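Peer 1: Sharing a structure below in structure tokens format, with a few things to ask.
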Amino acid sequence: MKTAKLFLVAGLVAISYSVRADYSATLFEQGSNKAKKLYTFELKSLSNGAQDVTTATYKDLEGKTVYEDKSTLEGSRLIKSEIVQHQTGQSATVEVQGDKVVFSKTSEGKTKTSEEKLGKSFVMSGNFQRFVKDNWSDLAAGKTIDFRYGVWDRQETVGFSVFKTGHEDLNGQKAVVLKMKPSSFIIAALVKPIFFKFTEDGTRLLEMNGRVPAKQKSGDSFKDLDAEVVYTY
């Protein structure tokens, strides 16, 4: 069973928007001691005051775009996520419409849609960091936070929980380590947990270890990829 994919957001260029924040990251092969680079990541965020639109772009080492995610946000609330997975030739839209989450995915020229009721806490990669920041005091206090994660390629949401596992010294900086795992015991047996390292105040994600949206070449196809990600601000 495919795991939910953690990836960070997308963007829209318009004269009325102003740049809010940019950062980048490098994806490394797991277990390579951050020596073997796989992909690069860049996030650009723009705001018009009422909404933020972010663009997350993953590129291979030759500079070719392999994955794009554009998310429209109101505060920490995800309004819409538009995804293009260039490696598999798929595209998708996930949009909140009233009390529903509507999924649309196009693959091999065919488009399929589905919808489900919007839960109290709906999260995708576009608003994940803001969701964490909103709940930082509880997470820092050791509480477990539950939410529904939108999995675009499965066209459904999956229950997850996130909680603090401890602290770690990261290049001389004290980091808080969070663990994200499926809420269902059955799914948890199939999906590896994802680990995040945040600054002590929860405002910046420093590192991530787990499933990423870019895939790995395997023969004539692509397979899911787990990687170590290091962020630069």
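If you're wondering about the labels, chains in the structure tokens are A, B, ... by order shown, residues count from 1 in each chain, ligands from 1 in order shown.
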List the neighbours of Glu95 of chain A out to 9 Å using only C-alpha atoms; skip same-chain residues closer than 5 positions along the sequence, and give me the result as a PyMOL selection string.
Peer 2: chain A and resi 78-82+100-104
Peer 1: Quick one: residues within 12 Å of segment 174-179 of chain A, only C-alpha atoms counted, chain neighbours fewer than 4 positions away excluded, as a ChimeraX atom specification?
Peer 2: /A:129,132,136,139-146,160-170,192-210
Peer 1: Find the spatial neighbours of Lys223 of chain A, counting only C-alpha atoms, within a cut-off of 12 Å - ignore same-chain residues fewer than 4 positions away - and output them as a PDB file with all heavy atoms, in the first residue's frame.
Peer 2:
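Writing the result to around27.pdb gives the following:
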```
ATOM      1  N   LYS A   2       0.515   2.129  -0.837  1.00  0.00           N
ATOM      2  CA  LYS A   2       1.340   3.336  -0.940  1.00  0.00           C
ATOM      3  C   LYS A   2       1.149   4.205   0.286  1.00  0.00           C
ATOM      4  O   LYS A   2       0.069   4.362   0.799  1.00  0.00           O
ATOM      5  CB  LYS A   2       0.967   4.137  -2.193  1.00  0.00           C
ATOM      6  CG  LYS A   2       1.314   3.413  -3.477  1.00  0.00           C
ATOM      7  CD  LYS A   2       0.978   4.295  -4.665  1.00  0.00           C
ATOM      8  CE  LYS A   2       1.342   3.616  -5.976  1.00  0.00           C
ATOM      9  NZ  LYS A   2       0.981   4.444  -7.127  1.00  0.00           N
ATOM     10  N   THR A   3       2.224   4.801   0.730  1.00  0.00           N
ATOM     11  CA  THR A   3       2.140   5.705   1.877  1.00  0.00           C
ATOM     12  C   THR A   3       1.791   7.093   1.417  1.00  0.00           C
ATOM     13  O   THR A   3       1.896   7.440   0.250  1.00  0.00           O
ATOM     14  CB  THR A   3       3.468   5.752   2.638  1.00  0.00           C
ATOM     15  OG1 THR A   3       3.293   6.602   3.765  1.00  0.00           O
ATOM     16  CG2 THR A   3       4.574   6.250   1.788  1.00  0.00           C
ATOM     17  N   GLN A  87       7.381  12.510 -13.610  1.00  0.00           N
ATOM     18  CA  GLN A  87       8.002  11.199 -13.807  1.00  0.00           C
ATOM     19  C   GLN A  87       6.999  10.139 -14.241  1.00  0.00           C
ATOM     20  O   GLN A  87       7.320   9.255 -15.036  1.00  0.00           O
ATOM     21  CB  GLN A  87       8.708  10.768 -12.519  1.00  0.00           C
ATOM     22  CG  GLN A  87       9.908  11.633 -12.165  1.00  0.00           C
ATOM     23  CD  GLN A  87      10.395  11.354 -10.764  1.00  0.00           C
ATOM     24  OE1 GLN A  87       9.645  11.446  -9.793  1.00  0.00           O
ATOM     25  NE2 GLN A  87      11.672  11.005 -10.646  1.00  0.00           N
ATOM     26  N   THR A  88       5.778  10.235 -13.717  1.00  0.00           N
ATOM     27  CA  THR A  88       4.750   9.239 -14.051  1.00  0.00           C
ATOM     28  C   THR A  88       3.721   9.763 -15.040  1.00  0.00           C
ATOM     29  O   THR A  88       2.835   9.019 -15.461  1.00  0.00           O
ATOM     30  CB  THR A  88       4.019   8.794 -12.776  1.00  0.00           C
ATOM     31  OG1 THR A  88       3.374   9.930 -12.179  1.00  0.00           O
ATOM     32  CG2 THR A  88       5.001   8.181 -11.781  1.00  0.00           C
ATOM     33  N   ARG A 211       9.143   9.319   3.275  1.00  0.00           N
ATOM     34  CA  ARG A 211       8.629   9.348   1.904  1.00  0.00           C
ATOM     35  C   ARG A 211       8.612  10.752   1.335  1.00  0.00           C
ATOM     36  O   ARG A 211       8.187  11.690   1.985  1.00  0.00           O
ATOM     37  CB  ARG A 211       7.225   8.742   1.894  1.00  0.00           C
ATOM     38  CG  ARG A 211       6.576   8.598   0.509  1.00  0.00           C
ATOM     39  CD  ARG A 211       7.390   7.736  -0.448  1.00  0.00           C
ATOM     40  NE  ARG A 211       7.820   6.499   0.140  1.00  0.00           N
ATOM     41  CZ  ARG A 211       7.114   5.365   0.144  1.00  0.00           C
ATOM     42  NH1 ARG A 211       5.926   5.345  -0.393  1.00  0.00           N
ATOM     43  NH2 ARG A 211       7.620   4.272   0.689  1.00  0.00           N
ATOM     44  N   VAL A 212       9.093  10.882   0.107  1.00  0.00           N
ATOM     45  CA  VAL A 212       9.101  12.162  -0.606  1.00  0.00           C
ATOM     46  C   VAL A 212       8.314  12.005  -1.901  1.00  0.00           C
ATOM     47  O   VAL A 212       8.113  10.886  -2.382  1.00  0.00           O
ATOM     48  CB  VAL A 212      10.543  12.628  -0.900  1.00  0.00           C
ATOM     49  CG1 VAL A 212      11.288  12.907   0.401  1.00  0.00           C
ATOM     50  CG2 VAL A 212      11.299  11.609  -1.747  1.00  0.00           C
ATOM     51  N   PRO A 213       7.844  13.094  -2.506  1.00  0.00           N
ATOM     52  CA  PRO A 213       7.039  12.992  -3.721  1.00  0.00           C
ATOM     53  C   PRO A 213       7.814  12.615  -4.978  1.00  0.00           C
ATOM     54  O   PRO A 213       7.250  12.031  -5.908  1.00  0.00           O
ATOM     55  CB  PRO A 213       6.421  14.375  -3.860  1.00  0.00           C
ATOM     56  CG  PRO A 213       7.335  15.266  -3.116  1.00  0.00           C
ATOM     57  CD  PRO A 213       7.841  14.464  -1.964  1.00  0.00           C
ATOM     58  N   ALA A 214       9.093  12.952  -5.039  1.00  0.00           N
ATOM     59  CA  ALA A 214       9.908  12.517  -6.178  1.00  0.00           C
ATOM     60  C   ALA A 214      10.089  11.009  -6.087  1.00  0.00           C
ATOM     61  O   ALA A 214      10.118  10.433  -4.997  1.00  0.00           O
ATOM     62  CB  ALA A 214      11.259  13.211  -6.154  1.00  0.00           C
ATOM     63  N   LYS A 215      10.203  10.359  -7.232  1.00  0.00           N
ATOM     64  CA  LYS A 215      10.325   8.906  -7.252  1.00  0.00           C
ATOM     65  C   LYS A 215      11.712   8.479  -7.714  1.00  0.00           C
ATOM     66  O   LYS A 215      12.518   9.291  -8.166  1.00  0.00           O
ATOM     67  CB  LYS A 215       9.242   8.295  -8.144  1.00  0.00           C
ATOM     68  CG  LYS A 215       7.840   8.459  -7.594  1.00  0.00           C
ATOM     69  CD  LYS A 215       6.805   7.810  -8.481  1.00  0.00           C
ATOM     70  CE  LYS A 215       5.408   7.893  -7.886  1.00  0.00           C
ATOM     71  NZ  LYS A 215       5.269   7.043  -6.673  1.00  0.00           N
ATOM     72  N   GLN A 216      11.974   7.189  -7.621  1.00  0.00           N
ATOM     73  CA  GLN A 216      13.270   6.634  -8.003  1.00  0.00           C
ATOM     74  C   GLN A 216      13.101   5.732  -9.219  1.00  0.00           C
ATOM     75  O   GLN A 216      12.178   4.907  -9.280  1.00  0.00           O
ATOM     76  CB  GLN A 216      13.860   5.844  -6.834  1.00  0.00           C
ATOM     77  CG  GLN A 216      15.283   5.375  -7.058  1.00  0.00           C
ATOM     78  CD  GLN A 216      15.863   4.758  -5.791  1.00  0.00           C
ATOM     79  OE1 GLN A 216      15.157   4.097  -5.034  1.00  0.00           O
ATOM     80  NE2 GLN A 216      17.139   4.993  -5.544  1.00  0.00           N
ATOM     81  N   LYS A 217      13.990   5.890 -10.184  1.00  0.00           N
ATOM     82  CA  LYS A 217      13.931   5.079 -11.400  1.00  0.00           C
ATOM     83  C   LYS A 217      14.204   3.624 -11.079  1.00  0.00           C
ATOM     84  O   LYS A 217      15.151   3.289 -10.370  1.00  0.00           O
ATOM     85  CB  LYS A 217      14.961   5.594 -12.408  1.00  0.00           C
ATOM     86  CG  LYS A 217      14.934   4.899 -13.764  1.00  0.00           C
ATOM     87  CD  LYS A 217      13.764   5.329 -14.606  1.00  0.00           C
ATOM     88  CE  LYS A 217      13.850   4.785 -16.029  1.00  0.00           C
ATOM     89  NZ  LYS A 217      12.734   5.192 -16.883  1.00  0.00           N
ATOM     90  N   SER A 218      13.354   2.728 -11.597  1.00  0.00           N
ATOM     91  CA  SER A 218      13.519   1.296 -11.392  1.00  0.00           C
ATOM     92  C   SER A 218      13.182   0.589 -12.694  1.00  0.00           C
ATOM     93  O   SER A 218      12.007   0.366 -13.015  1.00  0.00           O
ATOM     94  CB  SER A 218      12.603   0.797 -10.266  1.00  0.00           C
ATOM     95  OG  SER A 218      12.726  -0.595 -10.092  1.00  0.00           O
ATOM     96  N   GLY A 219      14.214   0.293 -13.486  1.00  0.00           N
ATOM     97  CA  GLY A 219      13.976  -0.295 -14.808  1.00  0.00           C
ATOM     98  C   GLY A 219      13.299   0.699 -15.715  1.00  0.00           C
ATOM     99  O   GLY A 219      13.793   1.814 -15.911  1.00  0.00           O
TER     100      GLY A 219
END
```
Peer 1: Do you know which residues are at most 12 Å from segment 32-41 of chain A counting only C-alpha atoms, after dropping those on the same chain fewer than 2 positions away, and could you put them as a PyMOL selection string?
Peer 2: chain A and resi 7-10+22-30+43-44+55-69+207+209+212-217+225-233
Peer 1: Quick check, in Å to one decimal: how far apart do atom CA of Val151 of chain A and atom CA of Thr113 of chain A lie?
Peer 2: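 Interatomic distance, atom CA of Val151 of chain A to atom CA of Thr113 of chain A: 13.0 Å.
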Peer 1: What's the separation between atom CA of Ser125 of chain A and atom CA of Thr72 of chain A, in Å to one decimal place?
Peer 2: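 So the answer is 11.5 Å.
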Peer 1: Would you work out the distance separating atom CA of Gly126 of chain A from atom CA of Ser91 of chain A, expressed in Å to one decimal?
Peer 2: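 Answer for the atom CA of Gly126 of chain A to atom CA of Ser91 of chain A separation: 16.0 Å.
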Peer 1: Check segment 101-160 of chain A with DSSP on the backbone and list each residue it calls strand (DSSP E or B), as a PDB file with N, CA and C atoms, in the first residue's frame.
Peer 2:
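File written: states-v6.pdb
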```pdb
ATOM      1  N   VAL A 101     -13.978  17.385   0.523  1.00  0.00           N
ATOM      2  CA  VAL A 101     -12.673  17.400  -0.136  1.00  0.00           C
ATOM      3  C   VAL A 101     -12.862  16.682  -1.465  1.00  0.00           C
ATOM      4  N   VAL A 102     -12.574  17.369  -2.561  1.00  0.00           N
ATOM      5  CA  VAL A 102     -12.784  16.812  -3.895  1.00  0.00           C
ATOM      6  C   VAL A 102     -11.432  16.496  -4.533  1.00  0.00           C
ATOM      7  N   PHE A 103     -11.266  15.243  -4.947  1.00  0.00           N
ATOM      8  CA  PHE A 103     -10.049  14.779  -5.591  1.00  0.00           C
ATOM      9  C   PHE A 103     -10.288  14.584  -7.089  1.00  0.00           C
ATOM     10  N   SER A 104      -9.314  15.009  -7.896  1.00  0.00           N
ATOM     11  CA  SER A 104      -9.362  14.780  -9.335  1.00  0.00           C
ATOM     12  C   SER A 104      -7.959  14.385  -9.794  1.00  0.00           C
ATOM     13  N   LYS A 105      -7.852  13.254 -10.473  1.00  0.00           N
ATOM     14  CA  LYS A 105      -6.543  12.781 -10.927  1.00  0.00           C
ATOM     15  C   LYS A 105      -6.616  12.371 -12.393  1.00  0.00           C
ATOM     16  N   THR A 106      -5.610  12.812 -13.171  1.00  0.00           N
ATOM     17  CA  THR A 106      -5.520  12.453 -14.583  1.00  0.00           C
ATOM     18  C   THR A 106      -4.287  11.594 -14.802  1.00  0.00           C
ATOM     19  N   SER A 107      -4.495  10.419 -15.392  1.00  0.00           N
ATOM     20  CA  SER A 107      -3.417   9.484 -15.668  1.00  0.00           C
ATOM     21  C   SER A 107      -3.692   8.784 -16.986  1.00  0.00           C
ATOM     22  N   LYS A 110      -6.873   9.785 -18.839  1.00  0.00           N
ATOM     23  CA  LYS A 110      -8.168   9.553 -18.211  1.00  0.00           C
ATOM     24  C   LYS A 110      -8.234  10.257 -16.857  1.00  0.00           C
ATOM     25  N   THR A 111      -9.336  10.940 -16.605  1.00  0.00           N
ATOM     26  CA  THR A 111      -9.515  11.667 -15.362  1.00  0.00           C
ATOM     27  C   THR A 111     -10.561  10.994 -14.485  1.00  0.00           C
ATOM     28  N   LYS A 112     -10.216  10.795 -13.235  1.00  0.00           N
ATOM     29  CA  LYS A 112     -11.133  10.212 -12.262  1.00  0.00           C
ATOM     30  C   LYS A 112     -11.297  11.180 -11.100  1.00  0.00           C
ATOM     31  N   THR A 113     -12.493  11.227 -10.529  1.00  0.00           N
ATOM     32  CA  THR A 113     -12.764  12.111  -9.402  1.00  0.00           C
ATOM     33  C   THR A 113     -13.386  11.332  -8.247  1.00  0.00           C
ATOM     34  N   SER A 114     -13.218  11.864  -7.061  1.00  0.00           N
ATOM     35  CA  SER A 114     -13.860  11.298  -5.879  1.00  0.00           C
ATOM     36  C   SER A 114     -13.975  12.403  -4.851  1.00  0.00           C
ATOM     37  N   GLU A 115     -14.789  12.189  -3.840  1.00  0.00           N
ATOM     38  CA  GLU A 115     -14.937  13.183  -2.792  1.00  0.00           C
ATOM     39  C   GLU A 115     -15.250  12.502  -1.467  1.00  0.00           C
ATOM     40  N   GLU A 116     -14.950  13.197  -0.375  1.00  0.00           N
ATOM     41  CA  GLU A 116     -15.295  12.699   0.948  1.00  0.00           C
ATOM     42  C   GLU A 116     -15.529  13.884   1.867  1.00  0.00           C
ATOM     43  N   LYS A 117     -16.127  13.627   3.003  1.00  0.00           N
ATOM     44  CA  LYS A 117     -16.454  14.690   3.942  1.00  0.00           C
ATOM     45  C   LYS A 117     -15.176  15.292   4.518  1.00  0.00           C
ATOM     46  N   PHE A 122      -7.579  18.841   8.171  1.00  0.00           N
ATOM     47  CA  PHE A 122      -7.221  18.320   6.854  1.00  0.00           C
ATOM     48  C   PHE A 122      -5.850  18.867   6.471  1.00  0.00           C
ATOM     49  N   VAL A 123      -4.926  17.967   6.193  1.00  0.00           N
ATOM     50  CA  VAL A 123      -3.538  18.357   5.971  1.00  0.00           C
ATOM     51  C   VAL A 123      -2.996  17.733   4.694  1.00  0.00           C
ATOM     52  N   ILE A 145      -1.261  14.679  18.217  1.00  0.00           N
ATOM     53  CA  ILE A 145      -2.222  15.403  17.393  1.00  0.00           C
ATOM     54  C   ILE A 145      -2.648  14.517  16.231  1.00  0.00           C
ATOM     55  N   ASP A 146      -3.947  14.325  16.076  1.00  0.00           N
ATOM     56  CA  ASP A 146      -4.485  13.507  14.987  1.00  0.00           C
ATOM     57  C   ASP A 146      -4.982  14.384  13.850  1.00  0.00           C
ATOM     58  N   PHE A 147      -4.894  13.880  12.628  1.00  0.00           N
ATOM     59  CA  PHE A 147      -5.375  14.623  11.471  1.00  0.00           C
ATOM     60  C   PHE A 147      -5.619  13.668  10.302  1.00  0.00           C
ATOM     61  N   ARG A 148      -6.266  14.184   9.270  1.00  0.00           N
ATOM     62  CA  ARG A 148      -6.486  13.445   8.026  1.00  0.00           C
ATOM     63  C   ARG A 148      -5.548  14.021   6.968  1.00  0.00           C
ATOM     64  N   TYR A 149      -4.791  13.138   6.322  1.00  0.00           N
ATOM     65  CA  TYR A 149      -3.829  13.567   5.309  1.00  0.00           C
ATOM     66  C   TYR A 149      -4.366  13.225   3.918  1.00  0.00           C
ATOM     67  N   GLY A 150      -4.376  14.216   3.020  1.00  0.00           N
ATOM     68  CA  GLY A 150      -4.874  14.008   1.667  1.00  0.00           C
ATOM     69  C   GLY A 150      -3.841  13.327   0.783  1.00  0.00           C
ATOM     70  N   VAL A 151      -4.163  12.128   0.311  1.00  0.00           N
ATOM     71  CA  VAL A 151      -3.258  11.361  -0.549  1.00  0.00           C
ATOM     72  C   VAL A 151      -3.792  11.444  -1.979  1.00  0.00           C
ATOM     73  N   GLU A 156      -8.003   9.942  -1.633  1.00  0.00           N
ATOM     74  CA  GLU A 156      -8.673   9.774  -0.355  1.00  0.00           C
ATOM     75  C   GLU A 156      -7.809  10.385   0.749  1.00  0.00           C
ATOM     76  N   THR A 157      -8.376  10.521   1.941  1.00  0.00           N
ATOM     77  CA  THR A 157      -7.595  10.951   3.082  1.00  0.00           C
ATOM     78  C   THR A 157      -7.279   9.739   3.947  1.00  0.00           C
ATOM     79  N   VAL A 158      -6.156   9.828   4.654  1.00  0.00           N
ATOM     80  CA  VAL A 158      -5.702   8.754   5.531  1.00  0.00           C
ATOM     81  C   VAL A 158      -5.436   9.342   6.905  1.00  0.00           C
ATOM     82  N   GLY A 159      -5.865   8.649   7.947  1.00  0.00           N
ATOM     83  CA  GLY A 159      -5.652   9.131   9.301  1.00  0.00           C
ATOM     84  C   GLY A 159      -4.194   9.005   9.726  1.00  0.00           C
ATOM     85  N   PHE A 160      -3.648  10.082  10.272  1.00  0.00           N
ATOM     86  CA  PHE A 160      -2.285  10.087  10.780  1.00  0.00           C
ATOM     87  C   PHE A 160      -2.264  10.741  12.153  1.00  0.00           C
TER      88      PHE A 160
END
```
